[in-house]
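Okay, structure first, notes after.
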Amino acid sequence: MTLCHIAIIMDGNGRWAKKRLLPRVAGHVRGVKRVKDAVEYCINNGIEYLTLFAFGRENWARPEEEVSFLMKLLSEQIRKEFYKLNEKGVRIRFIGDKSRLNKVILDQINDIQNVTSNNTNLKLNIALDYSGTYDIIQAVNNIIKDKRQTITEQEFEKYLLTFPDPHPDLLIRTSGESRLSNFMLWQSSYSECYFTPKLWPDFTKREMELAVNWFKTRERRFGRTSEQLKDS
Ligand code: FPP
């Protein structure tokens with residue numbers, strides 16, 4: 001079973017912190033360690049694409065201090081860690097609306113995207129100010145701008161923020177929730193979804209391995225029957 005693209009909804013940072021009587025942001029700080037683990041896991045195991053849901057469009061509704069902490073954390077990670085990933089041949093791309101991001105972070109994003117654009121080792125997408133419905137609507141608006149009357153699914157794909165990456169094979173959500181929360185709605189149409197009670201700050205490389213092992217047991221039929229797959 002080919003595993004080319006893993007997408008992760010990193011959830012449970014706040015609860016992890018609350019359980020330890022720490023401020024919510026302490027959970028985000030610990031969550032960064034797990035981001036590093038996930039990236040390393042993918043590099044070491046030949047996974048070609050990793051998409052991480054770092055900040056959803058709906059997350060702007062959080063308390064102002066938490067939003068600004070998350071933006072600072074991200075900005076610090078780009079500055080301190082993402083250039084190291086460049087040395088490891090990682091292509092970094094940010095997907096999302098970006099219109100509400102401040103200029104400092106926007107400049108950082110543009111620079112790291114340019115610097116890493118020709119890398120081919122791991123393709124890392126950070127979903128920032130992203131939502132699946134936004135992704136689809138921005139595609140539709142660009143299609144209208146292009147004055148197209150009809151469109152095929154294959155052509156529609158080209159307008160999505162994730163193009164030209166393949167759809168996720170495995171979609172992981174931590175923290176016991178079993179919903180997609182507006183993440184990659186079109187692209188997850190045939191993803192295998194792995195829901196684990198582990199909170200994101202506890203989602204170590206071992207946990208990632210468990211998710212991958214689970215994925216390997218799945219039979220992906222893409223609408224066909226089991227018998228058809230065995231015959232082919
Ligand atoms: C969800 O937990 C997590 C987030 C909204 C932020 C995720 C960000 C990071 C892990 C750090 C920065 C990322 C990168 C790519 C360097 P929650 O706060 O919703 O947890 P809760 O549901 O328990 O409250």
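Residues are named by chain letter and number: chains run A, B, ... in the order of the structure tokens, numbers start at 1 in each chain, and ligands are numbered from 1 in the order shown.
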Excluding segment 194-210 of chain A and any residue of its chain fewer than 4 positions from it, enumerate the residues within 10 Å of it, using only C-alpha atoms, and give them as an mmCIF file with C-alpha atoms, in the first residue's frame.
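Below is the file that was written, out-v7.cif:
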```cif
data_model
loop_
_atom_site.group_PDB
_atom_site.id
_atom_site.type_symbol
_atom_site.label_atom_id
_atom_site.label_comp_id
_atom_site.auth_asym_id
_atom_site.auth_seq_id
_atom_site.Cartn_x
_atom_site.Cartn_y
_atom_site.Cartn_z
ATOM 1 C CA ILE A 8 -2.267 15.907 10.197
ATOM 2 C CA ILE A 9 -4.784 17.866 12.249
ATOM 3 C CA MET A 10 -2.624 18.609 15.278
ATOM 4 C CA ASP A 11 -5.195 18.893 18.050
ATOM 5 C CA GLY A 12 -5.172 18.807 21.836
ATOM 6 C CA ASN A 13 -2.420 21.272 22.773
ATOM 7 C CA GLY A 14 -4.737 23.236 25.064
ATOM 8 C CA ARG A 15 -6.013 20.123 26.843
ATOM 9 C CA TRP A 16 -2.472 18.808 27.277
ATOM 10 C CA ALA A 17 -1.533 22.039 29.044
ATOM 11 C CA ALA A 26 2.609 25.745 26.925
ATOM 12 C CA GLY A 27 0.795 23.058 24.939
ATOM 13 C CA HIS A 28 1.626 24.820 21.674
ATOM 14 C CA VAL A 29 5.293 25.051 22.704
ATOM 15 C CA ARG A 30 5.364 21.295 23.367
ATOM 16 C CA GLY A 31 3.466 20.761 20.116
ATOM 17 C CA VAL A 32 6.411 22.216 18.195
ATOM 18 C CA LYS A 33 8.553 19.263 19.344
ATOM 19 C CA ARG A 34 6.054 16.919 17.764
ATOM 20 C CA VAL A 35 6.101 18.942 14.537
ATOM 21 C CA LYS A 36 9.848 18.269 14.405
ATOM 22 C CA ASP A 37 9.237 14.571 15.111
ATOM 23 C CA ALA A 38 6.649 14.311 12.341
ATOM 24 C CA VAL A 39 8.956 15.994 9.833
ATOM 25 C CA GLU A 40 11.897 13.778 10.816
ATOM 26 C CA TYR A 41 9.728 10.678 10.658
ATOM 27 C CA CYS A 42 8.686 11.534 7.113
ATOM 28 C CA ASN A 45 10.776 6.902 6.131
ATOM 29 C CA LEU A 170 -3.445 9.059 5.432
ATOM 30 C CA LEU A 171 -5.148 11.803 7.438
ATOM 31 C CA ILE A 172 -4.391 11.814 11.165
ATOM 32 C CA ARG A 173 -6.309 13.716 13.839
ATOM 33 C CA THR A 174 -5.132 13.652 17.408
ATOM 34 C CA SER A 175 -7.008 14.365 20.672
ATOM 35 C CA GLY A 176 -9.988 12.039 20.317
ATOM 36 C CA GLU A 177 -12.109 14.224 18.043
ATOM 37 C CA SER A 178 -13.471 12.469 14.974
ATOM 38 C CA ARG A 179 -14.176 15.282 12.546
ATOM 39 C CA TRP A 214 -2.679 0.973 10.844
ATOM 40 C CA PHE A 215 -2.711 2.545 7.374
ATOM 41 C CA LYS A 216 -0.887 -0.496 5.968
#
```
*Among segment 98-217 of chain A, which residues carry a DSSP assignment of helix (DSSP H, G or I), reported as a PyMOL selection string?*
chain A and resi 103-116+132-145+153-157+200-202+205-216
*asked:* One number please: atom CA of Lys123 of chain A to atom CA of Asp135 of chain A, in Å, one decimal.
replied: 19.0 Å
*asked:* List as a list in words the protein and nucleic acid residues near Ile78 of chain A, meaning an atom at most 9 Å away when only C-alpha atoms are counted, but skip any in the same chain fewer than 5 places from it.
replied: Leu73, Tyr83, Ile105, Gln108, Ile109 and Ile112 of chain A
*asked:* Let me make sure I understand: among A:Ser226, A:Asn121, A:Ser68, A:Thr133, which one has the smallest atom-to-atom distance to ligand 1 if we use only C-alpha atoms and all ligand atoms?
replied: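 Using only C-alpha atoms and all ligand atoms, ligand 1 sits closest to A:Ser68.
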*Using DSSP on the backbone coordinates, identify all residues within segment 59-200 of chain A classified as strand (DSSP E or B); present the result as a list in words.*
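The residues of segment 59-200 of chain A classed as strand (DSSP E or B) are Val90, Arg91, Ile92, Arg93, Phe94, Ile95, Leu122, Lys123, Leu124, Asn125, Ile126, Ala127, Leu128, Asp129, Tyr130, Leu170, Leu171, Ile172, Arg173, Glu192, Cys193, Tyr194 and Phe195 of chain A.
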*Counting only C-alpha atoms, figure out which residue out of A:Lys103, A:Lys88, A:Thr2, A:Leu180 gets nearest to Asn44 of chain A.*
A:Lys88
*So, counting only C-alpha atoms and all ligand atoms, which residue among A:Lys230, A:Arg148, A:Arg91, A:Arg79 is closest to ligand 1?*
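So, comparing all the options, the nearest one is A:Arg79.
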*If we count only C-alpha atoms, what is near Phe183 of chain A at a cut-off of 12 Å, once residues fewer than 4 positions away on the same chain are taken out, given as a ChimeraX atom specification?*
/A:7-10,51-58,95-96,126-136,162,168,171-173,179,187-189,191
Include N, CA, C and O atoms and write out the residues we just selected as a CSV table (one decimal), in the first residue's frame.
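Everything below was put into out29.csv:
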```
chain,number,residue,atom,x,y,z
A,7,ALA,N,-1.4,13.8,6.1
A,7,ALA,CA,-1.9,15.1,6.5
A,7,ALA,C,-2.3,15.0,8.0
A,7,ALA,O,-2.8,14.0,8.4
A,8,ILE,N,-2.0,16.0,8.8
A,8,ILE,CA,-2.3,15.9,10.2
A,8,ILE,C,-3.0,17.1,10.7
A,8,ILE,O,-2.6,18.3,10.5
A,9,ILE,N,-4.1,16.8,11.5
A,9,ILE,CA,-4.8,17.9,12.2
A,9,ILE,C,-4.2,17.7,13.7
A,9,ILE,O,-4.5,16.8,14.4
A,10,MET,N,-3.4,18.7,14.0
A,10,MET,CA,-2.6,18.6,15.3
A,10,MET,C,-3.5,19.2,16.4
A,10,MET,O,-3.5,20.4,16.6
A,51,THR,N,1.4,17.4,5.2
A,51,THR,CA,0.7,18.7,5.3
A,51,THR,C,0.2,18.8,6.8
A,51,THR,O,-0.5,17.9,7.3
A,52,LEU,N,0.6,19.9,7.4
A,52,LEU,CA,0.2,20.1,8.8
A,52,LEU,C,-0.8,21.3,9.0
A,52,LEU,O,-0.5,22.4,8.4
A,53,PHE,N,-1.8,21.0,9.7
A,53,PHE,CA,-2.8,22.1,9.9
A,53,PHE,C,-2.4,22.9,11.1
A,53,PHE,O,-2.6,22.5,12.3
A,54,ALA,N,-1.7,24.1,10.9
A,54,ALA,CA,-1.2,24.9,12.0
A,54,ALA,C,-2.1,25.9,12.5
A,54,ALA,O,-2.1,26.2,13.7
A,55,PHE,N,-3.0,26.4,11.6
A,55,PHE,CA,-3.9,27.5,12.1
A,55,PHE,C,-5.0,27.6,11.1
A,55,PHE,O,-4.8,27.9,9.9
A,56,GLY,N,-6.2,27.4,11.6
A,56,GLY,CA,-7.4,27.4,10.7
A,56,GLY,C,-8.0,28.8,10.6
A,56,GLY,O,-7.8,29.7,11.5
A,57,ARG,N,-8.7,29.1,9.6
A,57,ARG,CA,-9.4,30.4,9.4
A,57,ARG,C,-10.3,30.7,10.6
A,57,ARG,O,-10.4,31.8,11.1
A,58,GLU,N,-10.9,29.6,11.2
A,58,GLU,CA,-11.8,29.8,12.3
A,58,GLU,C,-11.0,30.1,13.6
A,58,GLU,O,-11.6,30.6,14.6
A,95,ILE,N,0.0,27.1,2.8
A,95,ILE,CA,-1.3,27.2,2.1
A,95,ILE,C,-2.3,27.8,3.0
A,95,ILE,O,-2.4,27.5,4.2
A,96,GLY,N,-3.1,28.7,2.4
A,96,GLY,CA,-4.1,29.4,3.2
A,96,GLY,C,-4.4,30.8,2.6
A,96,GLY,O,-3.8,31.1,1.6
A,126,ILE,N,2.5,23.8,5.2
A,126,ILE,CA,1.9,24.3,6.4
A,126,ILE,C,0.6,25.0,6.1
A,126,ILE,O,0.6,26.0,5.4
A,127,ALA,N,-0.5,24.5,6.6
A,127,ALA,CA,-1.8,25.1,6.4
A,127,ALA,C,-2.0,26.2,7.4
A,127,ALA,O,-2.1,25.9,8.6
A,128,LEU,N,-1.9,27.4,7.0
A,128,LEU,CA,-2.0,28.6,7.9
A,128,LEU,C,-3.1,29.5,7.4
A,128,LEU,O,-3.0,29.9,6.2
A,129,ASP,N,-4.0,29.9,8.2
A,129,ASP,CA,-5.2,30.7,7.8
A,129,ASP,C,-5.9,29.9,6.7
A,129,ASP,O,-6.3,30.4,5.7
A,130,TYR,N,-5.9,28.6,6.9
A,130,TYR,CA,-6.5,27.7,5.9
A,130,TYR,C,-7.9,27.2,6.3
A,130,TYR,O,-8.1,27.0,7.5
A,131,SER,N,-8.7,26.9,5.3
A,131,SER,CA,-9.9,26.1,5.6
A,131,SER,C,-10.3,25.4,4.3
A,131,SER,O,-9.9,26.0,3.2
A,132,GLY,N,-10.9,24.3,4.4
A,132,GLY,CA,-11.2,23.5,3.1
A,132,GLY,C,-12.2,24.3,2.3
A,132,GLY,O,-12.2,24.3,1.1
A,133,THR,N,-13.2,24.9,3.0
A,133,THR,CA,-14.2,25.6,2.2
A,133,THR,C,-13.6,26.9,1.5
A,133,THR,O,-13.9,27.2,0.4
A,134,TYR,N,-12.6,27.5,2.2
A,134,TYR,CA,-11.9,28.6,1.6
A,134,TYR,C,-11.2,28.2,0.4
A,134,TYR,O,-11.2,28.8,-0.7
A,135,ASP,N,-10.5,27.0,0.5
A,135,ASP,CA,-9.7,26.5,-0.6
A,135,ASP,C,-10.6,26.3,-1.9
A,135,ASP,O,-10.3,26.7,-3.0
A,136,ILE,N,-11.8,25.8,-1.6
A,136,ILE,CA,-12.7,25.5,-2.7
A,136,ILE,C,-13.3,26.8,-3.3
A,136,ILE,O,-13.3,27.0,-4.5
A,162,THR,N,-3.4,23.2,-2.9
A,162,THR,CA,-2.5,22.1,-2.7
A,162,THR,C,-1.9,21.7,-4.0
A,162,THR,O,-1.0,20.8,-4.0
A,168,PRO,N,-3.9,13.5,0.3
A,168,PRO,CA,-3.4,12.7,1.4
A,168,PRO,C,-3.9,11.2,1.3
A,168,PRO,O,-5.0,11.0,1.1
A,171,LEU,N,-4.8,10.6,6.7
A,171,LEU,CA,-5.1,11.8,7.4
A,171,LEU,C,-5.3,11.5,8.9
A,171,LEU,O,-6.1,10.6,9.3
A,172,ILE,N,-4.4,12.1,9.7
A,172,ILE,CA,-4.4,11.8,11.2
A,172,ILE,C,-5.0,13.0,11.9
A,172,ILE,O,-4.8,14.1,11.6
A,173,ARG,N,-5.9,12.7,12.9
A,173,ARG,CA,-6.3,13.7,13.8
A,173,ARG,C,-6.1,13.2,15.3
A,173,ARG,O,-6.5,12.1,15.6
A,179,ARG,N,-13.6,14.4,13.6
A,179,ARG,CA,-14.2,15.3,12.5
A,179,ARG,C,-13.0,15.9,11.8
A,179,ARG,O,-11.9,16.0,12.3
A,187,GLN,N,-9.6,17.3,-0.9
A,187,GLN,CA,-8.5,16.4,-1.0
A,187,GLN,C,-8.6,15.2,-0.2
A,187,GLN,O,-7.8,14.2,-0.4
A,188,SER,N,-9.4,15.2,0.8
A,188,SER,CA,-9.5,14.0,1.7
A,188,SER,C,-10.6,13.0,1.2
A,188,SER,O,-10.9,12.1,2.0
A,189,SER,N,-11.1,13.2,0.0
A,189,SER,CA,-12.2,12.4,-0.4
A,189,SER,C,-11.9,10.9,-0.3
A,189,SER,O,-12.9,10.1,0.0
A,191,SER,N,-9.0,9.7,1.6
A,191,SER,CA,-8.0,9.5,2.6
A,191,SER,C,-8.5,8.5,3.6
A,191,SER,O,-9.7,8.5,4.0
```
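The two atoms in question, atom CA of Gly46 of chain A and atom CA of Asp165 of chain A, are spaced 15.6 Å apart.
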